[in-house]
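Q: Just coords25.txt, nothing more (compact mmCIF, C-alpha atoms):
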# COMPACT_ATOMS: atom_id res chain seq x y z
CA MET A 206 18.82 22.26 16.61
CA SER A 207 18.73 22.60 12.82
CA ILE A 208 16.14 20.74 10.75
CA TYR A 209 18.92 18.54 9.31
CA SER A 210 20.16 17.63 12.79
CA PHE A 211 16.60 16.88 13.87
CA PHE A 212 15.98 14.49 10.97
CA PHE A 213 19.38 12.85 11.56
CA PHE A 214 18.27 12.25 15.16
CA ILE A 215 15.01 10.72 13.89
CA PHE A 216 16.89 8.45 11.48
CA TYR A 217 19.37 7.37 14.17
CA PHE A 218 16.53 6.71 16.62
CA PHE A 219 14.77 4.51 14.07
CA LEU A 220 17.95 2.56 13.36
CA ILE A 221 18.29 1.71 17.05
CA PHE A 222 14.57 0.92 17.40
CA ILE A 223 14.37 -1.25 14.28
CA GLY A 224 17.61 -3.01 15.14
CA THR A 225 16.35 -4.14 18.54
CA VAL A 226 12.68 -4.89 17.78
CA LYS A 227 12.15 -6.85 14.57
CA SER A 228 9.16 -8.87 13.45
CA ASP A 229 10.31 -9.86 9.96
CA PRO A 230 12.89 -12.64 9.36
CA ASP A 231 16.51 -11.54 9.16
CA PRO A 232 17.85 -11.18 5.60
CA LEU A 233 20.26 -13.81 4.30
CA GLN A 234 22.46 -11.36 2.39
CA ASP A 235 23.65 -7.75 2.68
CA TYR A 236 20.64 -6.50 0.73
CA CYS A 237 17.99 -7.67 -1.72
CA VAL A 238 16.98 -4.76 -3.94
CA ALA A 239 13.43 -5.51 -5.04
CA GLN A 240 12.74 -6.49 -8.64
CA THR A 241 9.64 -4.41 -9.36
CA GLN A 242 9.62 -4.47 -13.16
CA GLY A 243 7.09 -6.63 -14.97
CA SER A 244 4.37 -8.86 -13.56
CA GLN A 245 5.08 -11.17 -10.65
CA THR A 246 4.84 -14.83 -11.69
CA PHE A 247 5.55 -16.32 -8.27
CA PHE A 248 5.03 -15.05 -4.75
CA VAL A 249 7.49 -14.95 -1.88
CA ASN A 250 7.61 -13.31 1.54
CA GLY A 251 8.88 -10.02 0.14
CA ALA A 252 9.94 -9.54 -3.46
CA PRO A 253 12.56 -11.19 -5.71
CA CYS A 254 15.98 -9.54 -5.82
CA ILE A 255 17.76 -7.92 -8.71
CA ASN A 256 21.33 -8.97 -9.45
CA PRO A 257 23.40 -7.46 -6.58
CA ALA A 258 25.90 -6.25 -9.16
CA ASP A 259 23.17 -3.96 -10.55
CA ALA A 260 22.44 -2.26 -7.20
CA SER A 261 23.07 1.47 -7.02
CA PRO A 262 22.74 4.24 -4.39
CA SER A 263 19.41 5.30 -5.92
CA HIS A 264 17.89 2.00 -4.79
CA PHE A 265 18.48 3.00 -1.16
CA THR A 266 17.10 6.55 -1.20
CA THR A 267 13.68 8.09 -1.68
CA SER A 268 11.96 11.46 -1.65
CA ALA A 269 8.55 9.87 -1.04
CA LEU A 270 8.27 11.40 2.44
CA SER A 271 9.40 14.90 1.48
CA LYS A 272 6.04 16.26 0.32
CA PRO A 273 2.90 16.84 2.42
CA GLY A 274 0.05 14.41 1.90
CA ASN A 275 -3.46 15.48 0.93
CA THR A 276 -5.40 15.56 4.21
CA ALA A 277 -8.57 16.58 2.35
CA SER A 278 -8.75 13.17 0.66
CA ASN A 279 -10.94 11.76 3.47
CA PRO A 280 -13.41 13.24 5.98
CA LEU A 281 -11.14 12.49 8.95
CA GLY A 282 -8.42 14.88 7.77
CA PHE A 283 -5.31 12.72 7.63
CA ASN A 284 -2.91 11.26 5.10
CA VAL A 285 -0.26 8.57 5.51
CA THR A 286 2.60 8.27 3.00
CA LEU A 287 4.58 5.03 3.24
CA THR A 288 7.89 3.84 1.94
CA ASN A 289 7.58 0.61 -0.02
CA ILE A 290 9.61 -1.52 -2.41
CA ARG A 291 8.50 0.61 -5.37
CA ASN A 292 9.65 3.99 -4.04
CA LEU A 293 12.50 2.49 -1.97
CA PRO A 294 13.44 -0.92 -3.47
CA GLY A 295 16.50 -1.26 -1.24
CA MET A 296 14.25 -1.75 1.81
CA ASN A 297 13.19 -5.19 0.54
CA THR A 298 13.75 -7.91 3.21
CA LEU A 299 15.11 -5.39 5.76
CA GLY A 300 12.05 -5.60 8.01
CA LEU A 301 11.17 -1.92 8.24
CA THR A 302 8.83 0.74 6.89
CA MET A 303 8.79 4.49 7.40
CA ALA A 304 5.71 6.69 7.20
CA ARG A 305 4.93 10.38 6.93
CA VAL A 306 1.71 11.21 8.79
CA ASP A 307 0.02 14.53 7.93
CA ILE A 308 -2.98 15.49 10.07
CA ALA A 309 -5.14 18.57 9.46
CA GLY A 310 -6.48 20.74 12.26
CA ASN A 311 -8.70 18.55 14.48
CA GLY A 312 -7.87 15.69 12.13
CA LEU A 313 -7.83 12.10 13.34
CA VAL A 314 -5.99 8.92 12.40
CA PRO A 315 -8.80 6.69 13.70
CA PRO A 316 -8.37 3.63 15.90
CA HIS A 317 -6.50 1.01 13.90
CA THR A 318 -3.97 -1.80 14.22
CA HIS A 319 -0.83 -2.98 12.46
CA PRO A 320 -1.01 -6.78 12.75
CA ARG A 321 2.63 -7.35 11.81
CA ALA A 322 4.50 -4.43 13.37
CA SER A 323 5.23 -2.28 16.38
CA GLU A 324 5.44 1.45 15.63
CA VAL A 325 7.38 4.39 17.00
CA THR A 326 6.13 7.87 16.13
CA ILE A 327 8.02 11.15 16.50
CA LEU A 328 6.09 14.41 16.34
CA VAL A 329 7.89 16.85 14.05
CA LYS A 330 5.35 19.67 14.06
CA GLY A 331 2.18 20.50 15.96
CA SER A 332 0.47 18.93 18.96
CA LEU A 333 -0.99 15.43 19.05
CA LEU A 334 -2.95 13.29 21.47
CA VAL A 335 -1.94 9.68 20.89
CA GLY A 336 -2.91 6.47 22.58
CA PHE A 337 -3.35 2.71 22.45
CA VAL A 338 -5.52 0.12 24.19
CA ASP A 339 -4.02 -3.07 25.59
CA THR A 340 -5.72 -6.48 25.72
CA SER A 341 -7.17 -5.75 29.17
CA ASN A 342 -8.88 -2.65 27.70
CA ARG A 343 -6.54 -0.28 29.54
CA LEU A 344 -6.07 3.00 27.66
CA PHE A 345 -2.62 4.63 27.49
CA THR A 346 -2.68 8.21 26.20
CA GLN A 347 -0.13 10.98 25.97
CA GLN A 348 -0.09 14.52 24.60
CA LEU A 349 2.94 14.92 22.37
CA ARG A 350 4.84 18.12 21.72
CA GLU A 351 7.36 18.68 18.97
CA GLY A 352 10.27 16.26 19.33
CA ASP A 353 8.36 13.80 21.55
CA ALA A 354 8.17 10.12 20.62
CA PHE A 355 5.62 7.42 21.46
CA VAL A 356 5.63 3.65 20.89
CA PHE A 357 2.59 1.64 19.81
CA PRO A 358 3.00 -2.09 20.58
CA LYS A 359 2.47 -4.60 17.80
CA GLY A 360 -1.14 -5.45 16.98
CA LEU A 361 -2.78 -3.11 19.51
CA ILE A 362 -5.47 -0.58 18.57
CA HIS A 363 -4.11 2.97 18.54
CA PHE A 364 -4.92 6.48 17.29
CA LEU A 365 -3.46 9.95 16.67
CA TYR A 366 -5.53 13.11 17.09
CA ASN A 367 -4.55 16.70 16.25
CA LEU A 368 -5.48 18.83 19.26
CA ASP A 369 -5.10 22.10 17.34
CA SER A 370 -8.26 23.16 15.52
CA LYS A 371 -6.38 25.18 12.90
CA ALA A 372 -2.72 24.21 12.53
CA SER A 373 -1.74 20.95 10.86
CA ALA A 374 0.53 18.37 12.48
CA LEU A 375 3.35 16.28 11.02
CA ALA A 376 4.73 13.04 12.44
CA ILE A 377 7.24 10.48 11.18
CA SER A 378 6.80 6.83 12.09
CA GLY A 379 8.96 3.75 11.86
CA LEU A 380 7.37 0.30 11.77
CA THR A 381 9.08 -3.02 12.38
CA SER A 382 7.92 -4.79 9.23
CA GLN A 383 8.32 -4.38 5.50
CA ASN A 384 4.57 -4.99 5.28
CA PRO A 385 3.03 -3.91 8.60
CA GLY A 386 -0.58 -3.93 7.40
CA ALA A 387 -3.22 -1.50 8.62
CA GLN A 388 -6.76 -2.30 9.68
CA LEU A 389 -9.18 0.45 10.72
CA ALA A 390 -11.40 -0.88 13.51
CA SER A 391 -14.54 0.85 12.22
CA ALA A 392 -14.06 -0.07 8.57
CA ALA A 393 -13.13 -3.66 9.39
CA THR A 394 -16.42 -4.01 11.26
CA PHE A 395 -18.94 -2.08 9.16
CA THR A 396 -17.61 -1.99 5.57
CA THR A 397 -16.63 -5.60 4.90
CA LYS A 398 -17.47 -7.28 1.59
CA PRO A 399 -19.73 -9.18 2.05
CA SER A 400 -21.19 -7.44 5.08
CA ILE A 401 -21.08 -8.92 8.54
CA PRO A 402 -24.69 -9.96 9.29
CA ASP A 403 -26.72 -7.19 10.97
CA ASP A 404 -27.75 -9.47 13.84
CA ILE A 405 -24.09 -9.94 14.80
CA LEU A 406 -23.39 -6.19 14.78
CA LYS A 407 -26.59 -5.38 16.66
CA LYS A 408 -25.75 -7.84 19.40
CA ALA A 409 -22.02 -6.98 19.57
CA PHE A 410 -22.57 -3.21 19.80
CA GLN A 411 -25.99 -3.25 21.46
CA ILE A 412 -27.53 -1.15 18.67
CA ASN A 413 -30.54 -1.55 16.36
CA GLY A 414 -30.81 -2.15 12.64
CA GLN A 415 -31.18 1.55 11.85
CA ASP A 416 -27.96 2.27 13.70
CA VAL A 417 -26.14 -0.40 11.68
CA SER A 418 -27.40 1.04 8.40
CA ARG A 419 -26.51 4.59 9.41
CA ILE A 420 -22.98 3.68 10.48
CA ARG A 421 -22.39 1.69 7.29
CA LYS A 422 -23.54 4.61 5.19
CA ASN A 423 -21.39 7.09 7.09
CA LEU A 424 -18.33 4.88 6.62
CA GLY A 425 -18.99 4.24 2.94
CA GLY A 426 -20.01 0.64 3.35
Would you kindly transcribe this structure into structure tokens?

A:
Amino acid sequence: MSIYSFFFFIFYFFLIFIGTVKSDPDPLQDYCVAQTQGSQTFFVNGAPCINPADASPSHFTTSALSKPGNTASNPLGFNVTLTNIRNLPGMNTLGLTMARVDIAGNGLVPPHTHPRASEVTILVKGSLLVGFVDTSNRLFTQQLREGDAFVFPKGLIHFLYNLDSKASALAISGLTSQNPGAQLASAATFTTKPSIPDDILKKAFQINGQDVSRIRKNLGG
């Protein structure tokens, strides 16, 4: 299978997935190309539309996912590049987001959630261990090989880990919301502003004050 055929398969798979599992409201017109120029004076669930007569093919295409992300930008060795209404204004109100996930050798996308979206991930290159935890604390994990796909249900904690200590991994994800949100479990607990009181963290995690301080420092809190 050529690389072009492979990416066509990914795109077709996402169209089917997004079309059957949607969390955002359905659009009320064919498209609503986002108006991203100037400051926003009022706020809506999405972004205001440009005049449909001014829409062009360039509004519906992007090269944002074509270049590798900088996995050295954080100590965990991963980078996520998202489509959004600025690099792909034609996606406004369509209820979807695509992501390029670059993971360095032994890199980790740490446990996190997307509160407004389910996610399907296809491994393009490398070897990944992925998994999620359901609300009964049952762990579902799977080792992915190139071409494999895995679904993360909406709102559940999940992770992606590169099993190879040297080679990088590349995955493409589709999410069922224009604004899926992302909340890292560790950062949401230990790096809030203002901080969650130490007594709460000590009791919740059965640790002492020194542990709380050390974890906060390690996470940049």

Q: Please compute the CA of His317 (chain A)-CA of Leu375 (chain A) distance, one decimal, in Å.

A: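 Separation between CA of His317 (chain A) and CA of Leu375 (chain A): 18.4 Å.
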
Q: Return the single residue from A:Arg291, A:Lys422, A:Lys407, A:His363 that is closest to Gly336 (chain A), with distances computed using only C-alpha atoms.

A: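 For Gly336 (chain A), the nearest of the given residues is A:His363.
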
Q: Closest to Asp229 (chain A) among A:Asn275, A:Thr394, A:Ser323, A:Ser400, using all atoms listed in the file?

A: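 Answer, going by the shortest atom-to-atom distance: A:Ser323.
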
Q: Just give me the gap between CA of Ser261 (chain A) and CA of Ala376 (chain A) in Å, one decimal is fine.

A: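 Interatomic distance, CA of Ser261 (chain A) to CA of Ala376 (chain A): 29.1 Å.
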
Q: Between CA of Asp353 (chain A) and CA of Lys272 (chain A), what is the distance in Å, rounded to a tenth?

A: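 CA of Lys272 (chain A) lies at a distance of 21.5 Å from CA of Asp353 (chain A).
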
Q: Would you mind telling me which residue in A:Pro280, A:Gly414, A:Gly360, A:Gly426 lies nearest to Pro320 (chain A) when using all atoms listed in the file?

A: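 Closest to Pro320 (chain A) of all the choices is A:Gly360.
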
Q: Quick one: of A:Asn311, A:Thr302, A:Thr286, A:Asn423, who's nearest to Thr381 (chain A), counting only C-alpha atoms?

A: A:Thr302

Q: Once you count all atoms listed in the file, what closest atom pair and distance in Å to one decimal does each residue of region 278-397 of chain A within 12 Å of region 232-236 of chain A have, with rows by chain and rising residue number, as JSON lines?

A:
{"residue": "A:Pro294", "atom": "CA", "partner": "A:Tyr236", "partner_atom": "CA", "distance": 10.0}
{"residue": "A:Gly295", "atom": "CA", "partner": "A:Tyr236", "partner_atom": "CA", "distance": 7.0}
{"residue": "A:Met296", "atom": "CA", "partner": "A:Tyr236", "partner_atom": "CA", "distance": 8.0}
{"residue": "A:Asn297", "atom": "CA", "partner": "A:Tyr236", "partner_atom": "CA", "distance": 7.6}
{"residue": "A:Thr298", "atom": "CA", "partner": "A:Pro232", "partner_atom": "CA", "distance": 5.8}
{"residue": "A:Leu299", "atom": "CA", "partner": "A:Pro232", "partner_atom": "CA", "distance": 6.4}
{"residue": "A:Gly300", "atom": "CA", "partner": "A:Pro232", "partner_atom": "CA", "distance": 8.4}
{"residue": "A:Leu301", "atom": "CA", "partner": "A:Pro232", "partner_atom": "CA", "distance": 11.7}
{"residue": "A:Gln383", "atom": "CA", "partner": "A:Pro232", "partner_atom": "CA", "distance": 11.7}

Q: So, with all atoms listed in the file as the atoms that count, which of A:Leu281, A:Leu287, A:Val238, A:Ile362 lies closest to Ala260 (chain A)?

A: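 Residue with the minimum atom-to-atom distance to Ala260 (chain A): A:Val238.
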
Q: I'd like the contact shell of Asn342 (chain A) - 12 Å cut-off, all atoms listed in the file, skipping same-chain residues fewer than 3 positions apart - returned as a PyMOL selection string.

A: chain A and resi 337-339+345+361-363

Q: Which of these, A:Asn284, A:Thr241, A:Gln411, A:Ser382, has the shortest distance to Arg321 (chain A) once you count all atoms listed in the file?

A: A:Ser382

Q: For the point (6.0, 11.4, 12.0) in file coordinates, what residues are within 12 Å, counting only C-alpha atoms? Give the answer as a PyMOL selection string?

A: chain A and resi 212+215-216+219+270-271+273+284-287+303-308+324-333+349-356+365+374-380
